[in-house]
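*Asks:* Dropping in final07.pdb, with PDB, C-alpha atoms.
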ATOM      1  CA  MET Q1446       0.000   0.000   0.000
ATOM      2  CA  ILE Q1447       1.370   3.429  -0.901
ATOM      3  CA  GLU Q1448       0.679   6.390   1.350
ATOM      4  CA  ILE Q1449      -0.558   9.515  -0.408
ATOM      5  CA  GLY Q1450       0.418  12.884   0.957
ATOM      6  CA  LEU Q1451       2.520  15.981   0.538
ATOM      7  CA  ASP Q1452       6.233  15.589  -0.052
ATOM      8  CA  ASP Q1453       8.286  16.585   2.938
ATOM      9  CA  ALA Q1454       9.930  19.319   0.833
ATOM     10  CA  ALA Q1455       6.588  21.100   0.679
ATOM     11  CA  TRP Q1456       6.747  21.666   4.429
ATOM     12  CA  LYS Q1457      10.222  23.193   4.556
ATOM     13  CA  ASP Q1458      10.172  26.651   6.188
ATOM     14  CA  VAL Q1459       6.468  26.325   6.946
ATOM     15  CA  GLU Q1460       5.636  27.557  10.427
ATOM     16  CA  PRO Q1461       5.606  24.664  12.915
ATOM     17  CA  GLY Q1462       2.076  23.635  13.755
ATOM     18  CA  THR Q1463       0.715  24.748  10.394
ATOM     19  CA  GLU Q1464      -1.702  22.292   8.835
ATOM     20  CA  ALA Q1465      -2.634  21.791   5.192
ATOM     21  CA  LEU Q1466      -6.260  21.575   4.103
ATOM     22  CA  VAL Q1467      -7.713  18.888   1.876
ATOM     23  CA  ASP Q1468      -9.766  21.055  -0.433
ATOM     24  CA  ARG Q1469     -11.297  18.214  -2.412
ATOM     25  CA  TRP Q1470     -10.765  14.690  -3.629
ATOM     26  CA  LEU Q1471     -10.814  14.279  -7.397
ATOM     27  CA  VAL Q1472     -11.075  10.480  -7.230
ATOM     28  CA  ALA Q1473     -13.448   8.296  -5.216
ATOM     29  CA  GLU Q1474     -12.495   5.335  -3.049
ATOM     30  CA  GLY Q1475     -12.246   2.207  -5.155
ATOM     31  CA  GLU Q1476     -11.517   4.125  -8.351
ATOM     32  CA  ARG Q1477      -8.683   2.904 -10.563
ATOM     33  CA  VAL Q1478      -6.051   5.470 -11.560
ATOM     34  CA  THR Q1479      -2.869   5.642 -13.554
ATOM     35  CA  ALA Q1480       0.382   7.150 -12.320
ATOM     36  CA  GLY Q1481       0.237  10.939 -12.442
ATOM     37  CA  THR Q1482      -3.548  11.213 -12.262
ATOM     38  CA  PRO Q1483      -4.460  14.079  -9.908
ATOM     39  CA  LEU Q1484      -6.026  12.507  -6.811
ATOM     40  CA  ALA Q1485      -6.706  15.470  -4.556
ATOM     41  CA  VAL Q1486      -6.200  19.205  -4.180
ATOM     42  CA  VAL Q1487      -4.719  20.412  -0.921
ATOM     43  CA  VAL Q1488      -3.888  23.936   0.245
ATOM     44  CA  LEU Q1489      -0.757  24.919   2.151
ATOM     45  CA  VAL Q1490       0.750  28.405   2.551
ATOM     46  CA  LYS Q1491      -1.668  29.974   0.060
ATOM     47  CA  THR Q1492      -0.723  27.338  -2.483
ATOM     48  CA  SER Q1493      -3.230  24.929  -3.951
ATOM     49  CA  ILE Q1494      -1.473  21.717  -4.876
ATOM     50  CA  GLU Q1495      -2.629  18.801  -6.967
ATOM     51  CA  ILE Q1496      -1.415  15.542  -5.499
ATOM     52  CA  PRO Q1497      -0.784  13.027  -8.292
ATOM     53  CA  ALA Q1498      -1.058   9.257  -8.038
ATOM     54  CA  PRO Q1499       2.467   7.953  -7.427
ATOM     55  CA  ALA Q1500       1.724   4.739  -9.362
ATOM     56  CA  ASP Q1501      -0.979   2.856 -11.230
ATOM     57  CA  GLY Q1502      -3.499   1.387  -8.822
ATOM     58  CA  VAL Q1503      -6.725   1.803  -6.911
ATOM     59  CA  LEU Q1504      -7.496   4.504  -4.355
ATOM     60  CA  GLU Q1505      -8.040   2.111  -1.481
ATOM     61  CA  ARG Q1506      -8.982   4.550   1.240
ATOM     62  CA  ILE Q1507      -9.432   8.258   1.860
ATOM     63  CA  VAL Q1508      -7.915   8.918   5.274
ATOM     64  CA  VAL Q1509      -8.416  12.691   5.463
ATOM     65  CA  ASP Q1510     -11.751  13.884   4.145
ATOM     66  CA  ALA Q1511     -12.268  17.030   2.078
ATOM     67  CA  GLY Q1512     -12.528  20.016   4.368
ATOM     68  CA  SER Q1513     -10.256  18.487   7.008
ATOM     69  CA  THR Q1514      -6.693  19.464   7.784
ATOM     70  CA  PHE Q1515      -3.557  17.423   8.201
ATOM     71  CA  GLY Q1516      -0.031  17.924   9.451
ATOM     72  CA  ARG Q1517       3.442  17.204   8.175
ATOM     73  CA  GLY Q1518       4.081  13.546   7.412
ATOM     74  CA  VAL Q1519       0.421  12.514   7.521
ATOM     75  CA  ALA Q1520      -0.987  10.288   4.777
ATOM     76  CA  ILE Q1521      -4.267  11.593   3.431
ATOM     77  CA  GLY Q1522      -5.054   8.411   1.537
ATOM     78  CA  LEU Q1523      -3.846   4.948   0.600
ATOM     79  CA  LEU Q1524      -3.231   3.629  -2.898
ATOM     80  CA  ARG Q1525      -3.155  -0.101  -3.647
ATOM     81  CA  GLU Q1526      -0.592  -0.484  -6.380
ATOM     82  CA  GLY Q1527      -1.285  -2.617  -9.443
ATOM     83  CA  ARG Q1528      -2.905  -2.631 -12.836
TER      84      ARG Q1528
ATOM     85  CA  MET M1173       2.782  41.560 -21.494
ATOM     86  CA  GLN M1174       0.613  44.013 -19.593
ATOM     87  CA  VAL M1175      -3.122  44.092 -20.127
ATOM     88  CA  GLN M1176      -6.187  45.837 -18.808
ATOM     89  CA  ALA M1177      -8.793  43.196 -18.180
ATOM     90  CA  SER M1178     -11.350  41.900 -15.742
ATOM     91  CA  ALA M1179     -10.684  39.537 -12.874
ATOM     92  CA  ALA M1180     -12.613  36.901 -14.818
ATOM     93  CA  ASP M1181     -10.287  37.343 -17.809
ATOM     94  CA  GLU M1182      -7.327  36.825 -15.509
ATOM     95  CA  GLN M1183      -8.725  33.602 -14.038
ATOM     96  CA  ASP M1184      -9.595  32.342 -17.531
ATOM     97  CA  TRP M1185      -6.072  33.063 -18.748
ATOM     98  CA  ILE M1186      -4.532  31.101 -15.886
ATOM     99  CA  ARG M1187      -6.939  28.197 -16.397
ATOM    100  CA  GLU M1188      -6.116  28.050 -20.099
ATOM    101  CA  ALA M1189      -2.377  28.349 -19.490
ATOM    102  CA  LEU M1190      -2.498  25.321 -17.188
ATOM    103  CA  ALA M1191      -4.858  23.277 -19.343
ATOM    104  CA  GLU M1192      -1.905  21.802 -21.244
ATOM    105  CA  PRO M1193       1.629  21.004 -20.074
ATOM    106  CA  VAL M1194       3.523  24.294 -19.759
ATOM    107  CA  ARG M1195       6.568  24.229 -22.044
ATOM    108  CA  ARG M1196       8.073  27.629 -21.277
ATOM    109  CA  PRO M1197       7.473  30.455 -18.814
ATOM    110  CA  CYS M1198       4.890  33.087 -19.616
ATOM    111  CA  TRP M1199       3.402  35.970 -17.677
ATOM    112  CA  ARG M1200       0.862  38.740 -17.616
ATOM    113  CA  VAL M1201       0.711  42.021 -15.712
ATOM    114  CA  TRP M1202      -2.921  42.830 -14.953
ATOM    115  CA  ARG M1203      -4.659  46.119 -14.378
ATOM    116  CA  TYR M1204      -8.361  46.167 -13.651
ATOM    117  CA  ARG M1205     -10.822  48.740 -14.937
ATOM    118  CA  THR M1206     -13.616  47.472 -12.699
ATOM    119  CA  PRO M1207     -13.747  45.977  -9.201
ATOM    120  CA  ALA M1208     -14.396  42.359  -8.320
ATOM    121  CA  ILE M1209     -14.055  40.137  -5.276
ATOM    122  CA  VAL M1210     -11.831  37.119  -5.808
ATOM    123  CA  LEU M1211     -12.216  34.479  -3.127
ATOM    124  CA  GLY M1212      -9.499  31.975  -2.289
ATOM    125  CA  LEU M1213     -10.060  28.369  -3.313
ATOM    126  CA  SER M1214     -11.065  27.277   0.172
ATOM    127  CA  GLN M1215     -13.624  30.076   0.402
ATOM    128  CA  ARG M1216     -15.687  28.906  -2.558
ATOM    129  CA  ARG M1217     -18.533  27.744  -0.297
ATOM    130  CA  LEU M1218     -18.987  31.413   0.655
ATOM    131  CA  ARG M1219     -19.461  32.552  -2.921
ATOM    132  CA  GLU M1220     -23.227  32.602  -3.053
ATOM    133  CA  ALA M1221     -23.638  34.487   0.217
ATOM    134  CA  VAL M1222     -20.883  36.958  -0.683
ATOM    135  CA  ALA M1223     -22.439  37.560  -4.098
ATOM    136  CA  VAL M1224     -25.797  38.367  -2.506
ATOM    137  CA  ARG M1225     -24.224  40.891  -0.137
ATOM    138  CA  ALA M1226     -21.970  42.331  -2.854
ATOM    139  CA  GLY M1227     -24.852  43.045  -5.205
ATOM    140  CA  SER M1228     -25.126  42.568  -8.934
ATOM    141  CA  SER M1229     -22.602  45.281  -9.843
ATOM    142  CA  LEU M1230     -19.688  43.589  -8.072
ATOM    143  CA  PRO M1231     -18.694  40.212  -9.555
ATOM    144  CA  VAL M1232     -17.584  37.513  -7.113
ATOM    145  CA  LEU M1233     -15.149  34.887  -8.388
ATOM    146  CA  VAL M1234     -13.198  32.005  -6.924
ATOM    147  CA  ARG M1235      -9.552  31.575  -7.852
ATOM    148  CA  ALA M1236      -7.733  28.271  -7.896
ATOM    149  CA  SER M1237      -4.998  29.361  -5.501
ATOM    150  CA  GLY M1238      -5.174  29.536  -1.727
ATOM    151  CA  GLY M1239      -5.410  32.446   0.690
ATOM    152  CA  GLY M1240      -8.111  34.934   1.607
ATOM    153  CA  ALA M1241     -10.407  37.182  -0.384
ATOM    154  CA  VAL M1242      -8.996  39.942  -2.602
ATOM    155  CA  LEU M1243     -10.817  43.062  -3.726
ATOM    156  CA  VAL M1244      -9.329  43.771  -7.152
ATOM    157  CA  GLY M1245      -9.940  47.006  -9.000
ATOM    158  CA  PRO M1246      -8.187  50.070 -10.389
ATOM    159  CA  TRP M1247      -6.208  50.371  -7.126
ATOM    160  CA  MET M1248      -4.328  47.127  -7.759
ATOM    161  CA  VAL M1249      -1.769  45.771 -10.189
ATOM    162  CA  SER M1250      -1.235  42.020 -10.345
ATOM    163  CA  VAL M1251       1.344  39.734 -11.850
ATOM    164  CA  THR M1252       0.791  36.136 -12.950
ATOM    165  CA  VAL M1253       3.733  33.919 -13.864
ATOM    166  CA  VAL M1254       3.158  30.457 -15.303
ATOM    167  CA  LEU M1255       6.103  28.080 -15.135
ATOM    168  CA  PRO M1256       6.838  24.535 -16.267
ATOM    169  CA  VAL M1257       6.685  22.025 -13.405
ATOM    170  CA  ARG M1258      10.435  21.546 -13.259
ATOM    171  CA  HIS M1259      11.426  25.156 -13.776
ATOM    172  CA  ARG M1260      14.387  26.478 -11.771
ATOM    173  CA  LEU M1261      12.221  29.177 -10.165
ATOM    174  CA  ALA M1262       9.765  26.595  -8.868
ATOM    175  CA  GLU M1263      12.239  24.053  -7.577
ATOM    176  CA  GLY M1264      12.900  23.363  -3.940
ATOM    177  CA  ALA M1265      10.590  24.011  -1.046
ATOM    178  CA  LEU M1266       7.136  25.398  -1.579
ATOM    179  CA  VAL M1267       7.881  28.508   0.449
ATOM    180  CA  ASP M1268      11.131  29.151  -1.445
ATOM    181  CA  SER M1269       9.268  29.405  -4.740
ATOM    182  CA  TYR M1270       7.689  32.666  -3.556
ATOM    183  CA  ARG M1271      11.022  34.283  -2.804
ATOM    184  CA  TRP M1272      12.187  35.386  -6.251
ATOM    185  CA  LEU M1273       8.821  36.939  -7.051
ATOM    186  CA  GLY M1274       8.799  38.840  -3.765
ATOM    187  CA  GLU M1275      12.336  40.056  -4.412
ATOM    188  CA  LEU M1276      11.425  41.132  -7.943
ATOM    189  CA  HIS M1277       8.538  43.183  -6.588
ATOM    190  CA  ALA M1278      10.743  44.783  -3.956
ATOM    191  CA  ARG M1279      13.277  45.808  -6.633
ATOM    192  CA  VAL M1280      10.647  47.303  -8.918
ATOM    193  CA  LEU M1281       8.939  49.198  -6.105
ATOM    194  CA  ARG M1282      12.273  50.606  -4.930
ATOM    195  CA  ARG M1283      12.675  52.267  -8.337
ATOM    196  CA  PHE M1284       9.486  54.173  -7.547
ATOM    197  CA  GLY M1285      10.819  55.194  -4.174
ATOM    198  CA  VAL M1286       8.883  52.577  -2.209
ATOM    199  CA  GLU M1287      10.978  50.794   0.393
ATOM    200  CA  THR M1288       9.537  47.479   1.519
ATOM    201  CA  ARG M1289      10.549  44.575   3.709
ATOM    202  CA  LEU M1290      10.389  40.972   2.517
ATOM    203  CA  LEU M1291       8.851  38.676   5.089
ATOM    204  CA  GLN M1292      11.362  35.972   5.842
ATOM    205  CA  PRO M1293       9.948  32.629   7.016
ATOM    206  CA  GLN M1294      11.976  32.974  10.220
ATOM    207  CA  ALA M1295      10.220  36.247  11.074
ATOM    208  CA  LEU M1296       6.831  34.579  10.727
ATOM    209  CA  ARG M1297       7.887  31.647  12.907
ATOM    210  CA  GLU M1298       8.524  34.136  15.702
ATOM    211  CA  GLY M1299       4.913  35.320  15.620
ATOM    212  CA  ASP M1300       2.670  37.658  13.689
ATOM    213  CA  ALA M1301       4.812  40.183  11.827
ATOM    214  CA  GLY M1302       1.926  42.595  11.281
ATOM    215  CA  PRO M1303       1.414  45.956  12.956
ATOM    216  CA  ALA M1304       1.407  45.899  16.741
ATOM    217  CA  GLY M1305      -2.011  45.669  18.306
ATOM    218  CA  THR M1306      -3.724  43.948  15.400
ATOM    219  CA  ALA M1307      -4.452  40.272  14.917
ATOM    220  CA  PRO M1308      -4.212  38.502  11.546
ATOM    221  CA  LEU M1309      -7.388  38.364   9.458
ATOM    222  CA  PRO M1310      -6.998  35.182   7.382
ATOM    223  CA  TRP M1311     -10.314  35.691   5.593
ATOM    224  CA  ALA M1312      -8.713  38.582   3.648
ATOM    225  CA  CYS M1313      -5.531  38.133   1.618
ATOM    226  CA  PHE M1314      -4.220  41.483   2.750
ATOM    227  CA  GLY M1315      -5.240  40.846   6.338
ATOM    228  CA  ALA M1316      -2.682  38.107   6.956
ATOM    229  CA  LEU M1317       0.984  37.565   6.186
ATOM    230  CA  SER M1318       2.887  34.745   4.486
ATOM    231  CA  PRO M1319       6.544  34.180   3.599
ATOM    232  CA  TRP M1320       8.148  36.542   1.075
ATOM    233  CA  GLU M1321       5.219  38.932   0.956
ATOM    234  CA  LEU M1322       6.020  42.650   1.126
ATOM    235  CA  VAL M1323       5.291  44.909   4.071
ATOM    236  CA  ASP M1324       6.384  48.378   5.143
ATOM    237  CA  ASP M1325       8.590  49.026   8.151
ATOM    238  CA  GLU M1326       5.581  48.716  10.460
ATOM    239  CA  GLY M1327       4.478  45.392   9.016
ATOM    240  CA  ARG M1328       1.587  46.745   6.956
ATOM    241  CA  LYS M1329       1.024  44.646   3.869
ATOM    242  CA  LEU M1330       1.584  46.047   0.398
ATOM    243  CA  CYS M1331       1.971  42.967  -1.785
ATOM    244  CA  GLY M1332       0.378  39.521  -1.417
ATOM    245  CA  LEU M1333       1.390  36.250  -3.055
ATOM    246  CA  ALA M1334      -0.345  32.966  -3.883
ATOM    247  CA  GLN M1335       0.187  30.056  -6.217
ATOM    248  CA  GLN M1336      -1.278  26.895  -7.630
ATOM    249  CA  ARG M1337       0.635  23.755  -8.498
ATOM    250  CA  ARG M1338      -0.916  21.542 -11.099
ATOM    251  CA  ALA M1339       0.303  18.505 -12.985
ATOM    252  CA  ASN M1340       0.731  20.725 -16.072
ATOM    253  CA  GLY M1341       2.529  23.639 -14.467
ATOM    254  CA  ILE M1342       2.730  26.222 -11.732
ATOM    255  CA  ALA M1343       1.037  29.613 -11.562
ATOM    256  CA  LEU M1344       2.394  32.236  -9.185
ATOM    257  CA  VAL M1345       0.346  35.351  -8.514
ATOM    258  CA  ALA M1346       1.258  38.633  -6.830
ATOM    259  CA  GLY M1347      -1.018  41.577  -6.131
ATOM    260  CA  THR M1348       0.230  45.054  -5.196
ATOM    261  CA  LEU M1349      -1.910  47.874  -3.825
ATOM    262  CA  MET M1350      -1.260  51.140  -5.644
ATOM    263  CA  ARG M1351      -3.719  53.052  -3.522
ATOM    264  CA  ARG M1352      -6.111  52.171  -0.739
ATOM    265  CA  PRO M1353      -8.954  49.899  -1.836
ATOM    266  CA  PRO M1354     -12.464  50.633  -0.567
ATOM    267  CA  TRP M1355     -12.068  48.179   2.293
ATOM    268  CA  PRO M1356     -15.635  48.681   3.567
ATOM    269  CA  VAL M1357     -16.889  47.081   0.351
ATOM    270  CA  LEU M1358     -14.874  43.916   0.999
ATOM    271  CA  CYS M1359     -15.672  43.784   4.712
ATOM    272  CA  GLU M1360     -19.397  44.171   4.118
ATOM    273  CA  ALA M1361     -19.478  41.581   1.340
ATOM    274  CA  LEU M1362     -17.653  39.064   3.522
ATOM    275  CA  ASP M1363     -19.865  39.988   6.494
ATOM    276  CA  ARG M1364     -16.789  41.141   8.416
ATOM    277  CA  SER M1365     -17.550  44.789   9.036
ATOM    278  CA  GLU M1366     -16.151  44.449  12.528
ATOM    279  CA  ASP M1367     -12.704  43.891  10.966
ATOM    280  CA  LEU M1368     -12.657  47.105   8.921
ATOM    281  CA  ASP M1369     -10.440  49.052  11.289
ATOM    282  CA  ALA M1370      -7.950  46.195  11.667
ATOM    283  CA  LEU M1371      -7.806  45.534   7.919
ATOM    284  CA  THR M1372      -7.166  49.208   7.271
ATOM    285  CA  ARG M1373      -4.419  49.277   9.894
ATOM    286  CA  ARG M1374      -2.788  46.090   8.575
ATOM    287  CA  THR M1375      -2.443  47.328   4.987
ATOM    288  CA  THR M1376      -0.681  50.061   3.082
ATOM    289  CA  ASP M1377      -0.272  51.088  -0.559
ATOM    290  CA  CYS M1378       2.184  52.715  -2.946
ATOM    291  CA  ALA M1379       0.608  56.156  -2.616
ATOM    292  CA  ALA M1380       0.727  56.055   1.175
ATOM    293  CA  LEU M1381       4.389  55.045   1.018
ATOM    294  CA  GLY M1382       5.262  58.025  -1.162
ATOM    295  CA  ALA M1383       5.739  56.296  -4.496
ATOM    296  CA  ARG M1384       6.951  58.697  -7.164
ATOM    297  CA  GLY M1385       4.030  59.606  -9.391
ATOM    298  CA  ALA M1386       1.395  58.350  -6.988
ATOM    299  CA  THR M1387      -0.668  60.533  -4.711
ATOM    300  CA  VAL M1388      -3.254  59.464  -2.190
ATOM    301  CA  ASP M1389      -6.077  61.409  -3.806
ATOM    302  CA  ALA M1390      -4.725  61.383  -7.329
ATOM    303  CA  PRO M1391      -7.116  62.317 -10.105
ATOM    304  CA  ASP M1392      -7.773  59.435 -12.467
ATOM    305  CA  GLU M1393      -5.343  60.674 -15.114
ATOM    306  CA  ALA M1394      -2.441  60.857 -12.663
ATOM    307  CA  HIS M1395      -3.283  57.452 -11.245
ATOM    308  CA  GLU M1396      -3.457  56.011 -14.765
ATOM    309  CA  ARG M1397       0.042  57.298 -15.517
ATOM    310  CA  PHE M1398       1.427  55.809 -12.321
ATOM    311  CA  ALA M1399      -0.376  52.478 -12.860
ATOM    312  CA  ALA M1400       0.904  52.244 -16.429
ATOM    313  CA  ALA M1401       4.469  53.013 -15.363
ATOM    314  CA  LEU M1402       4.410  50.486 -12.527
ATOM    315  CA  ALA M1403       2.888  47.775 -14.732
ATOM    316  CA  ALA M1404       5.506  48.444 -17.422
ATOM    317  CA  SER M1405       8.272  48.106 -14.846
ATOM    318  CA  PHE M1406       6.915  44.780 -13.615
ATOM    319  CA  ASP M1407       6.649  43.619 -17.217
ATOM    320  CA  ALA M1408      10.255  44.567 -17.964
ATOM    321  CA  ALA M1409      11.538  42.972 -14.763
ATOM    322  CA  LEU M1410       9.721  39.719 -15.569
ATOM    323  CA  ALA M1411      11.140  39.735 -19.089
ATOM    324  CA  ARG M1412      14.637  39.979 -17.603
ATOM    325  CA  ALA M1413      13.984  37.301 -14.973
ATOM    326  CA  LEU M1414      12.490  34.803 -17.411
ATOM    327  CA  ALA M1415      14.319  35.654 -20.637
ATOM    328  CA  PRO M1416      16.864  32.811 -20.532
ATOM    329  CA  GLU M1417      14.081  30.277 -21.096
ATOM    330  CA  ASP M1418      12.700  31.972 -24.207
ATOM    331  CA  ALA M1419       9.682  33.057 -22.239
ATOM    332  CA  THR M1420       6.655  34.801 -23.654
ATOM    333  CA  GLY M1421       5.062  37.776 -21.998
TER     334      GLY M1421
END
Take the structure in the file and give it back as structure tokens.
*Replies:*
Amino acid sequence: MIEIGLDDAAWKDVEPGTEALVDRWLVAEGERVTAGTPLAVVVLVKTSIEIPAPADGVLERIVVDAGSTFGRGVAIGLLREGR
Amino acid sequence: MQVQASAADEQDWIREALAEPVRRPCWRVWRYRTPAIVLGLSQRRLREAVAVRAGSSLPVLVRASGGGAVLVGPWMVSVTVVLPVRHRLAEGALVDSYRWLGELHARVLRRFGVETRLLQPQALREGDAGPAGTAPLPWACFGALSPWELVDDEGRKLCGLAQQRRANGIALVAGTLMRRPPWPVLCEALDRSEDLDALTRRTTDCAALGARGATVDAPDEAHERFAAALAASFDAALARALAPEDATG
């Protein structure tokens, strides 16, 4: 299972304690995706960021719902790899 | 390239620029003939209520980047830069990608006699860098501070930044206040009239900072000349910053 989230580099120089917001999911649980498909849009430091699928697979589970926030290192979803 | 357009034109241009993979940098410098409220992405659920309060003569849009609401209009000049995903100016940490654009704005404004301070991430980690006695107002872009935005020596905000990162490319946006916006219009539309005094105290503009060619109560012709000169300077500075990649303005 591959964890989906923001790269650690995105959090560099961000104020400690700051959380990102999951603005919306672009893919539903159980949906099959190919590598690079945008899965979700999150917002951090006035930046909206599309999070792409890191591999082909199925979005197994949404861990952080749209409208909720998450901190550094937190997975917002899980991708089951495979065609 | 500098253009006079509406806020809707600006959002359309960004959307179209990111609809396909971005091959080379491009930019626009925007001046607005008419006012509009542009909500941040995460404020889109407010749009209907804001539009009702704003009335039919004031368009309300939602942009695809983060941050609080912006009241655009003839008092503001904005810059949009669209970059390929792996461009040198977008590499590294998210926060770092704002730095060059903030520095470019500081250089251009200095030529007009406006001295500003770039907000270093370290300064923001130590607490709110805004004027003493005021609390941040995150619902308004100009009411809160983020890294590499521009403030005066008292921490009043002059230039705000935002960006969006898509699979096809990156769009960085900067907005600079040339003169004071009608803040009551924004506060009332967002149902935040109680924040009017704080928002006014937390912001400044080129005219208030003594920019050459700008006066606080400038007649329209004088303001037009200043706005055109400032926009042309941003355009030229962007051409220099992005020229090595065969960019298009």
*Asks:* So how many Å separate CA of Lys1329 (chain M) and CA of Gly1302 (chain M), to one decimal?
*Replies:* 7.7 Å
*Asks:* Counting all atoms listed in the file, what are the residues of chain M within 6 Å of chain Q, and for each of them which pair of atoms is the nearest and at what distance in Å, to one decimal? Sort the table by chain and rising number, as a Markdown table.
*Replies:*
| residue | atom | partner | partner_atom | distance |
| --- | --- | --- | --- | --- |
| M:Ser1237 | CA | Q:Ser1493 | CA | 5.0 |
| M:Gly1238 | CA | Q:Lys1491 | CA | 4.0 |
| M:Gly1239 | CA | Q:Lys1491 | CA | 4.5 |
| M:Ala1265 | CA | Q:Ala1454 | CA | 5.1 |
| M:Leu1266 | CA | Q:Ala1455 | CA | 4.9 |
| M:Arg1297 | CA | Q:Glu1460 | CA | 5.3 |
| M:Ala1334 | CA | Q:Lys1491 | CA | 5.1 |
| M:Gln1335 | CA | Q:Thr1492 | CA | 4.7 |
| M:Gln1336 | CA | Q:Ser1493 | CA | 4.6 |
| M:Arg1337 | CA | Q:Ile1494 | CA | 4.7 |
| M:Arg1338 | CA | Q:Glu1495 | CA | 5.2 |
*Asks:* Spell out the residues picked by the PyMOL selection byres ((chain M and resi 1342-1358) around 8) here, as a PyMOL selection string.
*Replies:* chain M and resi 1186+1190+1209+1226+1242-1243+1245+1247-1257+1262+1270+1273+1330-1338+1340-1341+1359-1362+1365+1368+1371-1372+1376-1380+1386+1388+1399
*Asks:* Can I get the selected residues back with C-alpha atoms, as a PDB file, in the frame of the given file?
*Replies:*
ATOM      1  CA  ILE M1186      -4.532  31.101 -15.886  1.00  0.00           C
ATOM      2  CA  LEU M1190      -2.498  25.321 -17.188  1.00  0.00           C
ATOM      3  CA  ILE M1209     -14.055  40.137  -5.276  1.00  0.00           C
ATOM      4  CA  ALA M1226     -21.970  42.331  -2.854  1.00  0.00           C
ATOM      5  CA  VAL M1242      -8.996  39.942  -2.602  1.00  0.00           C
ATOM      6  CA  LEU M1243     -10.817  43.062  -3.726  1.00  0.00           C
ATOM      7  CA  GLY M1245      -9.940  47.006  -9.000  1.00  0.00           C
ATOM      8  CA  TRP M1247      -6.208  50.371  -7.126  1.00  0.00           C
ATOM      9  CA  MET M1248      -4.328  47.127  -7.759  1.00  0.00           C
ATOM     10  CA  VAL M1249      -1.769  45.771 -10.189  1.00  0.00           C
ATOM     11  CA  SER M1250      -1.235  42.020 -10.345  1.00  0.00           C
ATOM     12  CA  VAL M1251       1.344  39.734 -11.850  1.00  0.00           C
ATOM     13  CA  THR M1252       0.791  36.136 -12.950  1.00  0.00           C
ATOM     14  CA  VAL M1253       3.733  33.919 -13.864  1.00  0.00           C
ATOM     15  CA  VAL M1254       3.158  30.457 -15.303  1.00  0.00           C
ATOM     16  CA  LEU M1255       6.103  28.080 -15.135  1.00  0.00           C
ATOM     17  CA  PRO M1256       6.838  24.535 -16.267  1.00  0.00           C
ATOM     18  CA  VAL M1257       6.685  22.025 -13.405  1.00  0.00           C
ATOM     19  CA  ALA M1262       9.765  26.595  -8.868  1.00  0.00           C
ATOM     20  CA  TYR M1270       7.689  32.666  -3.556  1.00  0.00           C
ATOM     21  CA  LEU M1273       8.821  36.939  -7.051  1.00  0.00           C
ATOM     22  CA  LEU M1330       1.584  46.047   0.398  1.00  0.00           C
ATOM     23  CA  CYS M1331       1.971  42.967  -1.785  1.00  0.00           C
ATOM     24  CA  GLY M1332       0.378  39.521  -1.417  1.00  0.00           C
ATOM     25  CA  LEU M1333       1.390  36.250  -3.055  1.00  0.00           C
ATOM     26  CA  ALA M1334      -0.345  32.966  -3.883  1.00  0.00           C
ATOM     27  CA  GLN M1335       0.187  30.056  -6.217  1.00  0.00           C
ATOM     28  CA  GLN M1336      -1.278  26.895  -7.630  1.00  0.00           C
ATOM     29  CA  ARG M1337       0.635  23.755  -8.498  1.00  0.00           C
ATOM     30  CA  ARG M1338      -0.916  21.542 -11.099  1.00  0.00           C
ATOM     31  CA  ASN M1340       0.731  20.725 -16.072  1.00  0.00           C
ATOM     32  CA  GLY M1341       2.529  23.639 -14.467  1.00  0.00           C
ATOM     33  CA  CYS M1359     -15.672  43.784   4.712  1.00  0.00           C
ATOM     34  CA  GLU M1360     -19.397  44.171   4.118  1.00  0.00           C
ATOM     35  CA  ALA M1361     -19.478  41.581   1.340  1.00  0.00           C
ATOM     36  CA  LEU M1362     -17.653  39.064   3.522  1.00  0.00           C
ATOM     37  CA  SER M1365     -17.550  44.789   9.036  1.00  0.00           C
ATOM     38  CA  LEU M1368     -12.657  47.105   8.921  1.00  0.00           C
ATOM     39  CA  LEU M1371      -7.806  45.534   7.919  1.00  0.00           C
ATOM     40  CA  THR M1372      -7.166  49.208   7.271  1.00  0.00           C
ATOM     41  CA  THR M1376      -0.681  50.061   3.082  1.00  0.00           C
ATOM     42  CA  ASP M1377      -0.272  51.088  -0.559  1.00  0.00           C
ATOM     43  CA  CYS M1378       2.184  52.715  -2.946  1.00  0.00           C
ATOM     44  CA  ALA M1379       0.608  56.156  -2.616  1.00  0.00           C
ATOM     45  CA  ALA M1380       0.727  56.055   1.175  1.00  0.00           C
ATOM     46  CA  ALA M1386       1.395  58.350  -6.988  1.00  0.00           C
ATOM     47  CA  VAL M1388      -3.254  59.464  -2.190  1.00  0.00           C
ATOM     48  CA  ALA M1399      -0.376  52.478 -12.860  1.00  0.00           C
TER      49      ALA M1399
END
*Asks:* Kindly resolve the PyMOL selection byres ((chain Q and resi 1471) around 7) on the present coordinates and return the residues as a compact mmCIF listing (two decimals) with C-alpha atoms, in the coordinates of the input.
*Replies:*
# COMPACT_ATOMS: atom_id res chain seq x y z
CA ARG Q 1469 -11.30 18.21 -2.41
CA TRP Q 1470 -10.76 14.69 -3.63
CA VAL Q 1472 -11.08 10.48 -7.23
CA ALA Q 1473 -13.45 8.30 -5.22
CA PRO Q 1483 -4.46 14.08 -9.91
CA LEU Q 1484 -6.03 12.51 -6.81
CA ALA Q 1485 -6.71 15.47 -4.56
*Asks:* Run the PyMOL selection byres ((chain Q and resi 1515) around 8) against the file shown and list the residues it catches, as a PyMOL selection string.
*Replies:* chain Q and resi 1464-1467+1509+1513-1514+1516-1517+1519+1521
*Asks:* When you draw a straight line from CA of Leu1290 (chain M) to CA of Arg1412 (chain M), how long is it in Å?
*Replies:*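 Atom-to-atom, CA of Leu1290 (chain M) and CA of Arg1412 (chain M) are spaced 20.6 Å apart.
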